[in-house]
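*Asks:* You'll find run03.cif just under this line, and it carries mmCIF, C-alpha atoms and all ligand atoms.
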data_protein
#
loop_
_atom_site.label_atom_id
_atom_site.label_comp_id
_atom_site.auth_asym_id
_atom_site.auth_seq_id
_atom_site.Cartn_x
_atom_site.Cartn_y
_atom_site.Cartn_z
CA MET A 616 0.00 0.00 0.00
CA ARG A 617 1.31 3.46 -0.79
CA VAL A 618 -0.21 6.49 0.85
CA ALA A 619 0.66 9.96 -0.38
CA TRP A 620 0.84 12.59 2.37
CA GLY A 621 1.95 15.76 0.66
CA GLU A 622 5.49 14.97 -0.36
CA PHE A 623 5.59 12.30 2.26
CA TYR A 624 5.08 8.63 1.49
CA VAL A 625 4.30 5.81 3.81
CA ARG A 626 4.43 2.25 2.64
CA GLU A 627 2.94 -0.38 4.81
CA PHE A 628 3.61 -4.09 4.48
CA TYR A 629 1.71 -6.49 6.58
CA VAL A 630 3.70 -9.48 7.75
CA PHE A 631 1.48 -12.28 9.01
CA SER A 632 -1.19 -9.61 9.36
CA GLN A 633 0.93 -7.92 12.04
CA PRO A 634 3.37 -6.55 13.00
CA TYR A 635 3.84 -4.40 9.96
CA ILE A 636 6.84 -2.58 8.56
CA ARG A 637 6.55 1.02 7.55
CA VAL A 638 9.06 2.36 5.09
CA ILE A 639 9.10 6.11 4.84
CA GLU A 640 10.76 7.84 1.95
CA MET A 641 12.85 10.60 3.39
CA THR A 642 11.69 13.41 1.10
CA ASP A 643 10.14 15.44 3.87
CA PHE A 644 10.76 13.14 6.78
CA LEU A 645 13.21 15.51 8.45
CA ASP A 646 10.67 18.35 8.29
CA PHE A 647 8.08 16.21 10.02
CA ILE A 648 10.60 15.33 12.72
CA ILE A 649 11.49 19.00 13.30
CA ASP A 650 7.81 19.82 13.41
CA ASP A 651 7.34 17.43 16.35
CA ALA A 652 10.68 18.28 18.01
CA ARG A 653 9.96 22.00 18.31
CA TRP A 654 7.11 21.42 20.80
CA ALA A 655 9.57 20.48 23.54
CA PRO A 656 9.56 22.92 26.45
CA SER A 657 12.46 25.23 27.22
CA GLY A 658 13.13 27.75 29.97
CA HIS A 659 11.31 30.97 29.00
CA ASN A 660 10.38 29.36 25.69
CA THR A 661 13.74 30.32 24.18
CA GLN A 662 13.99 27.13 22.11
CA PRO A 663 17.78 26.84 22.30
CA TRP A 664 18.07 24.56 19.27
CA ARG A 665 18.65 25.06 15.58
CA PHE A 666 18.65 22.35 12.95
CA LYS A 667 20.62 21.53 9.85
CA LYS A 668 19.09 18.96 7.56
CA ILE A 669 21.48 16.58 5.83
CA PRO A 670 19.12 14.59 3.61
CA PRO A 671 18.10 11.91 3.42
CA ASN A 672 18.45 10.81 7.02
CA ILE A 673 20.65 13.06 9.17
CA LEU A 674 19.74 16.00 11.35
CA ASP A 675 22.35 18.10 13.10
CA ILE A 676 21.25 19.98 16.21
CA TYR A 677 23.11 23.15 17.12
CA VAL A 678 22.68 24.05 20.79
CA GLN A 679 22.21 27.80 21.17
CA SER A 680 23.80 29.82 23.92
CA GLU A 681 21.27 30.89 26.51
CA GLU A 682 23.58 32.25 29.13
CA ASN A 683 21.83 34.69 31.39
CA VAL A 684 21.21 35.09 35.07
CA LEU A 685 17.93 33.15 34.88
CA ASN A 686 19.64 29.94 33.75
CA LEU A 687 22.14 27.48 35.19
CA GLY A 688 25.75 28.33 34.43
CA ASP A 689 27.68 26.79 31.49
CA ASN A 690 24.53 26.79 29.38
CA GLU A 691 23.37 23.71 31.31
CA THR A 692 19.68 24.66 31.23
CA ALA A 693 19.82 24.91 27.43
CA ILE A 694 21.57 21.53 27.07
CA LEU A 695 19.02 19.90 29.38
CA CYS A 696 16.22 21.36 27.22
CA VAL A 697 17.89 20.07 24.05
CA GLY A 698 17.79 16.63 25.71
CA MET A 699 14.05 17.10 26.20
CA MET A 700 13.70 18.01 22.54
CA LEU A 701 15.78 14.93 21.59
CA GLU A 702 13.19 12.76 23.32
CA ASN A 703 10.51 14.29 21.08
CA ILE A 704 12.68 13.41 18.07
CA ILE A 705 13.04 9.80 19.21
CA LEU A 706 9.32 9.40 19.93
CA SER A 707 8.47 10.98 16.58
CA ALA A 708 10.94 8.82 14.61
CA ASN A 709 9.82 5.61 16.32
CA HIS A 710 6.23 6.54 15.61
CA LYS A 711 7.18 6.84 11.94
CA GLY A 712 8.93 3.45 11.93
CA LYS A 713 12.52 4.67 12.25
CA SER A 714 15.17 4.02 14.83
CA VAL A 715 17.52 6.77 15.98
CA GLU A 716 21.22 6.95 16.72
CA TRP A 717 22.57 10.18 18.21
CA THR A 718 26.12 11.25 18.87
CA ILE A 719 27.85 14.40 20.00
CA GLN A 720 29.37 15.58 16.76
CA ASP A 721 31.29 18.51 18.14
CA SER A 722 31.98 19.38 21.77
CA THR A 723 34.81 21.83 21.16
CA ASP A 724 32.62 24.46 22.72
CA ALA A 725 31.10 22.54 25.65
CA LYS A 726 28.41 25.19 26.00
CA LYS A 727 27.27 24.92 22.39
CA PRO A 728 27.74 21.31 21.30
CA VAL A 729 26.52 19.96 17.99
CA ILE A 730 24.54 16.74 18.09
CA ARG A 731 24.11 14.48 15.09
CA VAL A 732 20.96 12.41 14.83
CA LYS A 733 20.81 9.59 12.29
CA PHE A 734 17.53 7.92 11.34
CA MET A 735 17.41 4.33 10.16
CA ASP A 736 14.72 1.96 8.93
CA SER A 737 13.55 -0.20 11.75
CA LEU A 738 11.68 -3.44 11.96
CA ASP A 739 10.79 -2.66 15.54
CA ILE A 740 7.47 -1.09 16.21
CA ALA A 741 7.19 1.73 18.73
CA SER A 742 5.68 0.41 21.95
CA SER A 743 2.09 1.43 22.59
CA GLU A 744 3.35 3.36 25.62
CA ASP A 745 5.77 5.38 23.46
CA ASN A 746 3.02 5.98 20.92
CA ARG A 747 0.79 7.31 23.70
CA LEU A 748 3.59 9.63 24.84
CA TYR A 749 4.07 10.72 21.23
CA GLN A 750 0.42 11.81 21.16
CA ARG A 751 1.10 14.14 24.13
CA ILE A 752 3.96 16.08 22.48
CA ARG A 753 1.64 18.94 21.47
CA THR A 754 -0.86 18.81 24.34
CA ARG A 755 1.79 19.04 27.09
CA SER A 756 2.01 22.61 28.31
CA VAL A 757 3.13 24.33 31.47
CA ASP A 758 0.27 25.29 33.81
CA ARG A 759 1.36 27.92 36.33
CA ARG A 760 -2.06 28.22 38.01
CA SER A 761 -3.21 26.67 41.28
CA TYR A 762 -4.24 23.03 41.02
CA LYS A 763 -6.68 20.90 43.02
CA TYR A 764 -5.60 19.89 46.52
CA LYS A 765 -6.02 16.25 45.51
CA PRO A 766 -2.88 14.18 46.31
CA LEU A 767 -1.22 12.06 43.64
CA SER A 768 -2.46 8.49 43.59
CA ASN A 769 0.07 5.69 44.11
CA GLU A 770 -0.54 4.59 40.50
CA ASP A 771 0.28 8.08 39.22
CA LYS A 772 3.45 8.22 41.29
CA LYS A 773 4.50 4.78 40.10
CA ALA A 774 3.93 5.72 36.45
CA LEU A 775 5.93 8.94 36.87
CA GLU A 776 8.75 7.14 38.67
CA LYS A 777 8.81 4.46 35.96
CA ALA A 778 9.26 7.15 33.29
CA LEU A 779 12.58 8.10 34.92
CA GLY A 780 14.15 4.65 34.46
CA SER A 781 17.52 4.39 36.12
CA THR A 782 18.81 7.81 34.99
CA LEU A 783 16.95 10.08 37.41
CA LYS A 784 15.10 9.72 40.67
CA VAL A 785 12.22 11.73 42.01
CA ASP A 786 11.56 12.93 45.53
CA TRP A 787 8.14 14.24 46.51
CA PHE A 788 7.29 17.11 48.86
CA GLU A 789 3.61 16.49 49.46
CA SER A 790 2.43 17.31 52.98
CA LEU A 791 1.00 20.77 53.64
CA LYS A 792 4.10 21.62 55.66
CA GLU A 793 6.44 20.52 52.87
CA ARG A 794 4.46 22.40 50.22
CA TYR A 795 4.46 25.51 52.36
CA SER A 796 8.22 25.24 52.99
CA MET A 797 8.90 24.90 49.27
CA ALA A 798 6.52 27.77 48.45
CA ARG A 799 8.33 30.02 50.96
CA LEU A 800 11.69 29.14 49.42
CA ALA A 801 10.32 29.80 45.92
CA MET A 802 9.01 33.13 47.18
CA GLY A 803 12.52 34.06 48.31
CA ALA A 804 13.91 33.25 44.86
CA THR A 805 11.18 35.36 43.20
CA HIS A 806 12.11 38.28 45.42
CA ILE A 807 15.75 38.13 44.32
CA ARG A 808 14.78 37.59 40.68
CA LEU A 809 12.53 40.64 40.62
CA SER A 810 14.89 42.87 42.60
CA ILE A 811 18.23 42.64 40.85
CA LYS A 812 19.18 44.83 37.95
CA GLU A 813 20.72 41.97 35.98
CA THR A 814 17.39 40.24 35.37
CA PHE A 815 15.51 43.32 34.22
CA SER A 816 16.53 43.22 30.54
CA VAL A 817 16.12 39.44 30.45
CA HIS A 818 12.56 39.72 31.76
CA GLN A 819 11.83 42.35 29.13
CA GLU A 820 13.10 39.99 26.46
CA VAL A 821 11.31 36.86 27.59
CA VAL A 822 7.83 38.06 28.59
CA GLU A 823 5.23 38.95 25.94
CA TRP A 824 2.95 41.55 27.53
CA GLN A 825 0.88 42.48 24.47
CA LYS A 826 -0.23 39.35 22.65
CA LYS A 827 -2.02 36.35 24.15
CA ASP A 828 0.28 33.78 22.53
CA SER A 829 3.91 34.09 21.65
CA ALA A 830 6.17 32.18 19.29
CA ASP A 831 9.40 32.80 21.20
CA LYS A 832 8.47 34.31 24.57
CA ILE A 833 6.27 33.54 27.57
CA PRO A 834 2.85 35.18 27.21
CA ALA A 835 2.17 37.24 30.35
CA HIS A 836 -1.36 35.81 30.35
CA SER A 837 0.09 32.35 31.01
CA LEU A 838 1.84 33.45 34.21
CA GLY A 839 -1.21 32.56 36.31
CA LEU A 840 -1.80 36.12 37.58
CA ASP A 841 -5.25 37.62 38.10
CA PRO A 842 -6.11 40.53 35.76
CA LEU A 843 -5.33 43.25 38.37
CA THR A 844 -1.91 41.82 39.33
CA LEU A 845 -1.19 41.33 35.66
CA MET A 846 -1.95 45.00 34.98
CA ILE A 847 0.19 46.16 37.92
CA SER A 848 3.06 43.86 36.89
CA LYS A 849 2.90 45.16 33.33
CA PHE A 850 3.06 48.75 34.57
CA PHE A 851 6.10 48.13 36.80
CA SER A 852 7.90 46.04 34.19
CA LYS A 853 8.02 49.01 31.77
CA SER A 854 11.14 50.61 33.25
CA ARG A 855 13.86 49.80 35.72
CA LYS A 856 12.99 52.97 37.65
CA ARG A 857 9.44 51.76 38.22
CA GLN A 858 10.76 48.37 39.26
CA GLU A 859 13.20 49.94 41.72
CA PHE A 860 10.35 51.97 43.16
CA ILE A 861 8.07 48.98 43.78
CA ASN A 862 11.00 47.00 45.23
CA LYS A 863 11.52 49.71 47.84
CA VAL A 864 7.87 49.75 48.92
CA PRO A 865 7.54 47.32 51.88
CA GLY A 866 5.56 44.31 50.63
CA GLY A 867 5.55 45.78 47.09
CA LEU A 868 6.22 42.37 45.54
CA PHE A 869 3.96 40.48 47.90
CA LEU A 870 0.89 40.31 45.64
CA TYR A 871 2.99 38.84 42.82
CA GLN A 872 4.67 36.33 45.15
CA TRP A 873 1.32 35.42 46.68
CA GLU A 874 -0.11 34.60 43.25
CA THR A 875 2.92 32.91 41.69
CA ASP A 876 4.48 31.12 44.67
CA ILE A 877 2.36 30.87 47.79
CA CYS A 878 -1.15 30.09 46.45
CA PRO A 879 -0.11 27.68 43.67
CA GLY A 880 2.63 26.26 45.93
CA ILE A 881 0.03 25.17 48.45
CA ALA A 882 -2.75 24.39 45.97
CA CYS A 883 -1.16 21.40 44.28
CA ALA A 884 -0.51 17.73 44.95
CA GLY A 885 3.11 18.48 45.77
CA TYR A 886 6.54 19.50 44.59
CA PHE A 887 8.76 17.06 42.73
CA MET A 888 12.52 17.14 42.57
CA LEU A 889 14.33 15.25 39.81
CA SER A 890 17.96 14.40 40.47
CA LEU A 891 20.66 12.24 38.92
CA SER A 892 20.78 8.73 40.34
CA CYS A 893 24.44 8.33 39.39
CA PRO A 894 27.55 10.44 40.05
CA ILE A 895 27.92 13.67 38.08
CA ALA A 896 30.01 13.08 34.94
CA VAL A 897 33.48 14.61 34.87
CA GLY A 898 34.70 14.95 31.26
CA LYS A 899 33.38 17.60 28.88
CA ALA A 900 31.65 15.24 26.42
CA GLU A 901 30.46 12.94 29.24
CA LYS A 902 28.83 15.88 31.00
CA ILE A 903 27.01 16.93 27.83
CA SER A 904 25.83 13.33 27.27
CA GLN A 905 24.62 13.08 30.84
CA LEU A 906 22.64 16.31 30.60
CA LEU A 907 21.11 15.28 27.26
CA GLU A 908 20.11 11.88 28.61
CA ALA A 909 18.69 13.48 31.74
CA GLY A 910 16.72 15.92 29.57
CA MET A 911 15.25 13.02 27.59
CA VAL A 912 14.05 11.44 30.80
CA VAL A 913 12.67 14.74 32.12
CA GLN A 914 10.60 15.05 28.95
CA LYS A 915 9.27 11.50 29.42
CA PHE A 916 8.30 12.47 32.96
CA TRP A 917 6.41 15.56 31.76
CA LEU A 918 4.70 13.74 28.88
CA THR A 919 3.68 10.97 31.28
CA ALA A 920 2.20 13.55 33.64
CA ASP A 921 0.19 14.97 30.73
CA LEU A 922 -0.93 11.47 29.78
CA LEU A 923 -2.14 10.94 33.35
CA GLY A 924 -4.14 14.18 33.16
CA LEU A 925 -1.75 15.94 35.56
CA ALA A 926 -0.50 19.51 35.24
CA LEU A 927 3.09 20.47 35.88
CA SER A 928 5.02 23.67 36.40
CA PRO A 929 8.81 23.82 36.81
CA ASN A 930 10.39 26.22 39.25
CA HIS A 931 13.96 26.75 38.21
CA MET A 932 15.14 29.79 40.13
CA LEU A 933 15.98 28.10 43.44
CA LEU A 934 18.25 25.70 41.57
CA VAL A 935 19.79 28.51 39.55
CA PHE A 936 20.62 30.73 42.54
CA SER A 937 21.93 27.74 44.51
CA ASP A 938 24.13 26.79 41.58
CA TYR A 939 25.61 30.31 41.41
CA ILE A 940 26.25 30.42 45.15
CA ARG A 941 27.81 26.94 45.20
CA LYS A 942 30.13 27.89 42.33
CA GLU A 943 30.86 31.25 43.98
CA ILE A 944 29.66 33.19 40.94
CA GLU A 945 28.70 36.77 41.72
CA PHE A 946 25.64 36.89 39.51
CA THR A 947 24.64 40.38 40.69
CA LYS A 948 26.35 43.56 41.77
CA ASP A 949 23.62 44.05 44.36
CA THR A 950 25.48 42.94 47.52
CA HIS A 951 22.31 42.92 49.61
CA GLU A 952 20.52 40.51 47.23
CA LEU A 953 23.70 38.43 46.85
CA GLU A 954 23.70 38.01 50.62
CA ASN A 955 19.98 37.11 50.46
CA ALA A 956 20.75 34.52 47.78
CA LYS A 957 23.45 32.97 49.99
CA LYS A 958 21.04 32.66 52.90
CA LEU A 959 18.25 31.34 50.68
CA SER A 960 20.49 28.77 49.05
CA GLN A 961 21.78 27.58 52.45
CA ARG A 962 18.20 27.16 53.69
CA PHE A 963 17.15 25.37 50.51
CA GLU A 964 20.13 23.02 50.43
CA ALA A 965 19.93 22.23 54.15
CA TYR A 966 16.22 21.48 53.77
CA ILE A 967 16.56 19.01 50.86
CA ARG A 968 19.63 17.36 52.42
CA LYS A 969 17.78 16.85 55.69
CA LYS A 970 14.56 15.70 54.06
CA PHE A 971 15.86 13.25 51.45
CA ASN A 972 19.62 13.30 51.83
CA LEU A 973 19.66 14.95 48.42
CA GLN A 974 22.85 16.35 46.92
CA PRO A 975 21.75 19.77 45.62
CA GLU A 976 24.22 19.72 42.72
CA LYS A 977 22.50 16.60 41.36
CA VAL A 978 19.05 18.17 41.19
CA LEU A 979 18.18 19.09 37.61
CA LEU A 980 14.55 20.08 37.72
CA MET A 981 11.97 20.81 40.37
CA GLY A 982 8.45 22.10 40.28
CA ARG A 983 4.83 21.54 41.19
CA VAL A 984 2.51 18.82 39.99
CA GLY A 985 -1.19 18.12 40.50
CA SER A 986 -4.64 17.79 38.99
CA PRO A 987 -5.51 20.92 37.03
CA ARG A 988 -8.66 22.78 38.00
CA GLU A 989 -9.40 23.52 34.35
CA ARG A 990 -7.87 21.60 31.50
CA ARG A 991 -7.93 24.39 28.98
CA GLY A 992 -8.05 28.12 28.74
CA LEU A 993 -4.45 29.24 29.19
CA PRO A 994 -2.68 31.14 26.46
CA ARG A 995 0.50 29.29 25.65
CA SER A 996 3.93 29.69 24.25
CA ILE A 997 3.50 28.68 20.66
CA ARG A 998 6.67 27.92 18.76
CA LEU A 999 8.95 29.26 16.09
CA SER A 1000 8.07 27.63 12.79
CA ALA A 1001 10.19 24.68 11.63
CA GLU A 1002 11.52 26.96 8.89
CA ASN A 1003 12.74 29.53 11.41
CA LEU A 1004 14.66 26.85 13.26
CA LEU A 1005 16.77 25.86 10.28
CA ILE A 1006 20.39 26.84 9.94
CA THR A 1007 21.41 27.55 6.42
CA GLU A 1008 24.97 28.66 7.10
CA MET A 1009 27.39 27.76 9.88
CA ARG A 1010 27.20 29.63 13.19
C1 LIG B 1101 14.27 23.48 32.24
C2 LIG B 1101 13.01 24.28 32.35
C3 LIG B 1101 12.88 25.22 33.36
C4 LIG B 1101 11.72 25.96 33.49
N1 LIG B 1101 11.61 26.85 34.53
C5 LIG B 1101 10.46 27.54 34.70
C6 LIG B 1101 10.32 28.42 35.81
O1 LIG B 1101 11.21 28.56 36.64
N2 LIG B 1101 9.15 29.07 35.94
C7 LIG B 1101 8.14 28.92 35.05
O2 LIG B 1101 7.09 29.54 35.23
N3 LIG B 1101 8.24 28.10 33.96
C8 LIG B 1101 9.37 27.40 33.78
N4 LIG B 1101 9.50 26.53 32.71
C9 LIG B 1101 8.39 26.37 31.77
C10 LIG B 1101 8.66 27.07 30.45
O3 LIG B 1101 8.60 28.46 30.59
C11 LIG B 1101 7.64 26.59 29.42
O4 LIG B 1101 7.78 25.21 29.29
C12 LIG B 1101 7.89 27.25 28.06
O5 LIG B 1101 7.55 28.58 28.11
C13 LIG B 1101 7.10 26.56 26.97
O6 LIG B 1101 5.75 26.56 27.26
P1 LIG B 1101 4.90 25.21 27.20
O7 LIG B 1101 5.44 24.30 28.27
O8 LIG B 1101 3.50 25.64 27.49
O9 LIG B 1101 5.03 24.60 25.85
C14 LIG B 1101 10.66 25.78 32.57
C15 LIG B 1101 10.80 24.85 31.54
C16 LIG B 1101 11.95 24.09 31.43
C17 LIG B 1101 12.06 23.10 30.32
#
Render the structure in this file as structure tokens.
*Replies:*
Amino acid sequence: MRVAWGEFYVREFYVFSQPYIRVIEMTDFLDFIIDDARWAPSGHNTQPWRFKKIPPNILDIYVQSEENVLNLGDNETAILCVGMMLENIILSANHKGKSVEWTIQDSTDAKKPVIRVKFMDSLDIASSEDNRLYQRIRTRSVDRRSYKYKPLSNEDKKALEKALGSTLKVDWFESLKERYSMARLAMGATHIRLSIKETFSVHQEVVEWQKKDSADKIPAHSLGLDPLTLMISKFFSKSRKRQEFINKVPGGLFLYQWETDICPGIACAGYFMLSLSCPIAVGKAEKISQLLEAGMVVQKFWLTADLLGLALSPNHMLLVFSDYIRKEIEFTKDTHELENAKKLSQRFEAYIRKKFNLQPEKVLLMGRVGSPRERRGLPRSIRLSAENLLITEMR
């Protein structure tokens, strides 16, 4: 049987009625893969990946530099996100009857490696579980609002833990006391983030205040703020002077923190913390591989949550500030906020060590999870088109 799908052909042969082999002519195969890949999440929707097609069956991924004060040092957040996007590629290829081999093609610049993905015909059929995850690639979306107070069921937790395989482990912060503690810590990170000068221009670049959806930013309407707080935040985000003014007013940031950290932090099933289950890699290429593999697993975790009907919202800033303090990086000239960051990071690290004997440097992603109150209705970060993600000449 031969089915024409635009320029795209699928041939299906039935062997003993099933399983069947699908042979896909590569004409536009790489475009279809990129079209699925681009729906992976990234911090602030920056999509730190660009593609080079090498027909018929090779795709090079160029990691983009995303170094700013809102991300982990050494471009680690971007590399983790590229790993998440790589998982989309694998699910998409398997769904189309191809197997995937990926290698780090160039790690000369450890912050901006190039990854080569090769697609091959495969007799294996994607598992039904992987096919179900594939179906969630476009429906998965961050939900920063409050969730139901309903705890996670044991089945949900088991399914989420299973998605991590042996690469990562998850620890849960579920009791009211634990959720409150995490929400307070997150509130501290928000205070630093909104106070320092260094984040001001980044916030201006990454938040879309005008339109409801955005191809390469976070729409302000998806931040989970009520219309009044949204209006106030928009007003104070217009200039650094206005921001400095509100920062000086006692409790000036409280409404924002209340709506982004405290309320949703308590109204959820709990916080999750994903950390490496093995030692941190040492060599340059090994570290990149480890981050990519971890990213792939993180994406499986998020897609599984979506499949289970759960909402998820990462909270990266505690990890970012802790990382800077641990590495003794002075990420701001504001000595008062630097001191605050030191205290916050000590409290955070002591808390997770005491609770789960967790090594903070091994934690790669944390956030909230729970049953959404409403499934739909949030504006979302739409994506750059596949065409805009293509590299035509070398960086
Ligand atoms: C590594 C990582 C860190 C993130 N950190 C945060 C965060 O700290 N706060 C937040 O509100 N969203 C965070 N997000 C969510 C992204 O902003 C969101 O996934 C992105 O804008 C794309 O939107 P979508 O998930 O709806 O497709 C993070 C996402 C990733 C992958």
*Asks:* Using all atoms listed in the file, which residues of the polymer chains come no farther than 9 Å from ligand LIG 1101 (chain B)? I'd like the answer as number ranges by chain.
*Replies:* A: 654-662, 685-686, 692-693, 695-696, 699, 753-759, 831-834, 837-839, 875, 910, 913-914, 927-933, 979-982, 993-998
*Asks:* Using only C-alpha atoms, determine which residues lie at most 7 Å from Leu925 (chain A), disregarding the query and same-chain residues fewer than 5 positions distant; provide the list as a ChimeraX atom specification.
*Replies:* /A:920,984-987
*Asks:* At a cut-off of 12 Å, can you tabulate as CSV every residue of region 911-981 of chain A near region 890-898 of chain A together with its closest atom pair and the distance in Å to one decimal, using all atoms listed in the file and ordering rows by chain then number?
*Replies:*
residue,atom,partner,partner_atom,distance
A:Val912,CA,A:Leu891,CA,10.5
A:Val913,CA,A:Ser890,CA,9.9
A:Leu934,CA,A:Ser890,CA,11.4
A:Ile967,CA,A:Ser890,CA,11.5
A:Phe971,CA,A:Ser890,CA,11.2
A:Asn972,CA,A:Ser890,CA,11.5
A:Leu973,CA,A:Ser890,CA,8.1
A:Gln974,CA,A:Ser890,CA,8.3
A:Pro975,CA,A:Ser890,CA,8.4
A:Glu976,CA,A:Ile895,CA,8.5
A:Lys977,CA,A:Ser890,CA,5.1
A:Val978,CA,A:Ser890,CA,4.0
A:Leu979,CA,A:Ser890,CA,5.5
A:Leu980,CA,A:Ser890,CA,7.2
A:Met981,CA,A:Ser890,CA,8.8
*Asks:* Kindly indicate which residue among A:Ala900, A:Cys883, A:Leu809, A:Met735 lies nearest to Tyr871 (chain A), using only C-alpha atoms for the distances.
*Replies:* A:Leu809
*Asks:* Find the spatial neighbours of Leu779 (chain A), counting only C-alpha atoms, within a cut-off of 12 Å - ignore same-chain residues fewer than 3 positions away - and output them as a PyMOL selection string.
*Replies:* chain A and resi 772-776+782-786+888-892+908-920
*Asks:* Figure out the distance between CA of Lys826 (chain A) and CA of Met802 (chain A), please, to one decimal in Å.
*Replies:*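 Answer for the CA of Met802 (chain A) to CA of Lys826 (chain A) separation: 26.9 Å.
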*Asks:* List the spatial neighbours of region 944-947 of chain A as a list in words - criterion: any atom at most 8 Å away, only C-alpha atoms, same-chain residues fewer than 5 positions off excluded.
*Replies:*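 Here the answer would be Val684, Ile811, Lys812, Glu813, Tyr939, Glu952 and Leu953 of chain A.
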*Asks:* Give, as lines of an AutoDock Vina configuration file, the centre coordinates and the x, y and z edge lengths in Å to one decimal for an axis-aligned box around all listed atoms of region 884-888 of chain A, padded by 3 Å on each side.
*Replies:*
center_x = 6.0
center_y = 18.3
center_z = 44.2
size_x = 19.0
size_y = 8.4
size_z = 9.2
*Asks:* Let me make sure I understand: among A:Leu906, A:Val678, A:Val935, A:Ala798, which one has the smallest atom-to-atom distance to Asp724 (chain A) if we use all atoms listed in the file?
*Replies:*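 Among the listed residues, A:Val678 lies closest to Asp724 (chain A).
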*Asks:* For region 859-869 of chain A, work out the shell of residues within 7 Å, counting only C-alpha atoms and skipping chain neighbours fewer than 4 positions away, then give it as a list of chain:residue names.
*Replies:*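 Using only C-alpha atoms, the neighbours found are A:Ser810, A:Arg855, A:Trp873.
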*Asks:* For CA of Arg968 (chain A) and CA of Met797 (chain A), determine how far apart the two atoms are, in Å to one decimal place.
*Replies:*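 Taking CA of Arg968 (chain A) and CA of Met797 (chain A), their separation equals 13.5 Å.
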*Asks:* Could you please fill out region 857-869 of chain A with N, CA and C atoms and send it back as a short mmCIF file (atom, residue, chain, number, x, y, z; two decimals), in the frame of the given file?
*Replies:*
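Okay, selection_37.cif is ready:
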data_model
loop_
_atom_site.label_atom_id
_atom_site.label_comp_id
_atom_site.auth_asym_id
_atom_site.auth_seq_id
_atom_site.Cartn_x
_atom_site.Cartn_y
_atom_site.Cartn_z
N ARG A 857 10.70 52.18 37.60
CA ARG A 857 9.44 51.76 38.22
C ARG A 857 9.67 50.50 39.05
N GLN A 858 10.51 49.61 38.53
CA GLN A 858 10.76 48.37 39.26
C GLN A 858 11.49 48.66 40.58
N GLU A 859 12.46 49.57 40.50
CA GLU A 859 13.20 49.94 41.72
C GLU A 859 12.26 50.53 42.75
N PHE A 860 11.30 51.33 42.25
CA PHE A 860 10.35 51.97 43.16
C PHE A 860 9.53 50.92 43.91
N ILE A 861 8.95 49.99 43.14
CA ILE A 861 8.07 48.98 43.78
C ILE A 861 8.88 48.07 44.72
N ASN A 862 10.15 47.84 44.36
CA ASN A 862 11.00 47.00 45.23
C ASN A 862 11.24 47.65 46.58
N LYS A 863 11.24 49.00 46.58
CA LYS A 863 11.52 49.71 47.84
C LYS A 863 10.28 49.78 48.74
N VAL A 864 9.10 49.68 48.11
CA VAL A 864 7.87 49.75 48.92
C VAL A 864 7.77 48.46 49.74
N PRO A 865 7.64 48.56 51.09
CA PRO A 865 7.54 47.32 51.88
C PRO A 865 6.35 46.48 51.41
N GLY A 866 6.62 45.23 51.09
CA GLY A 866 5.56 44.31 50.63
C GLY A 866 5.14 44.58 49.19
N GLY A 867 5.93 45.40 48.46
CA GLY A 867 5.55 45.78 47.09
C GLY A 867 5.45 44.58 46.15
N LEU A 868 6.22 43.54 46.44
CA LEU A 868 6.22 42.37 45.54
C LEU A 868 5.29 41.27 46.06
N PHE A 869 4.68 41.55 47.22
CA PHE A 869 3.96 40.48 47.90
C PHE A 869 2.82 39.89 47.08
#
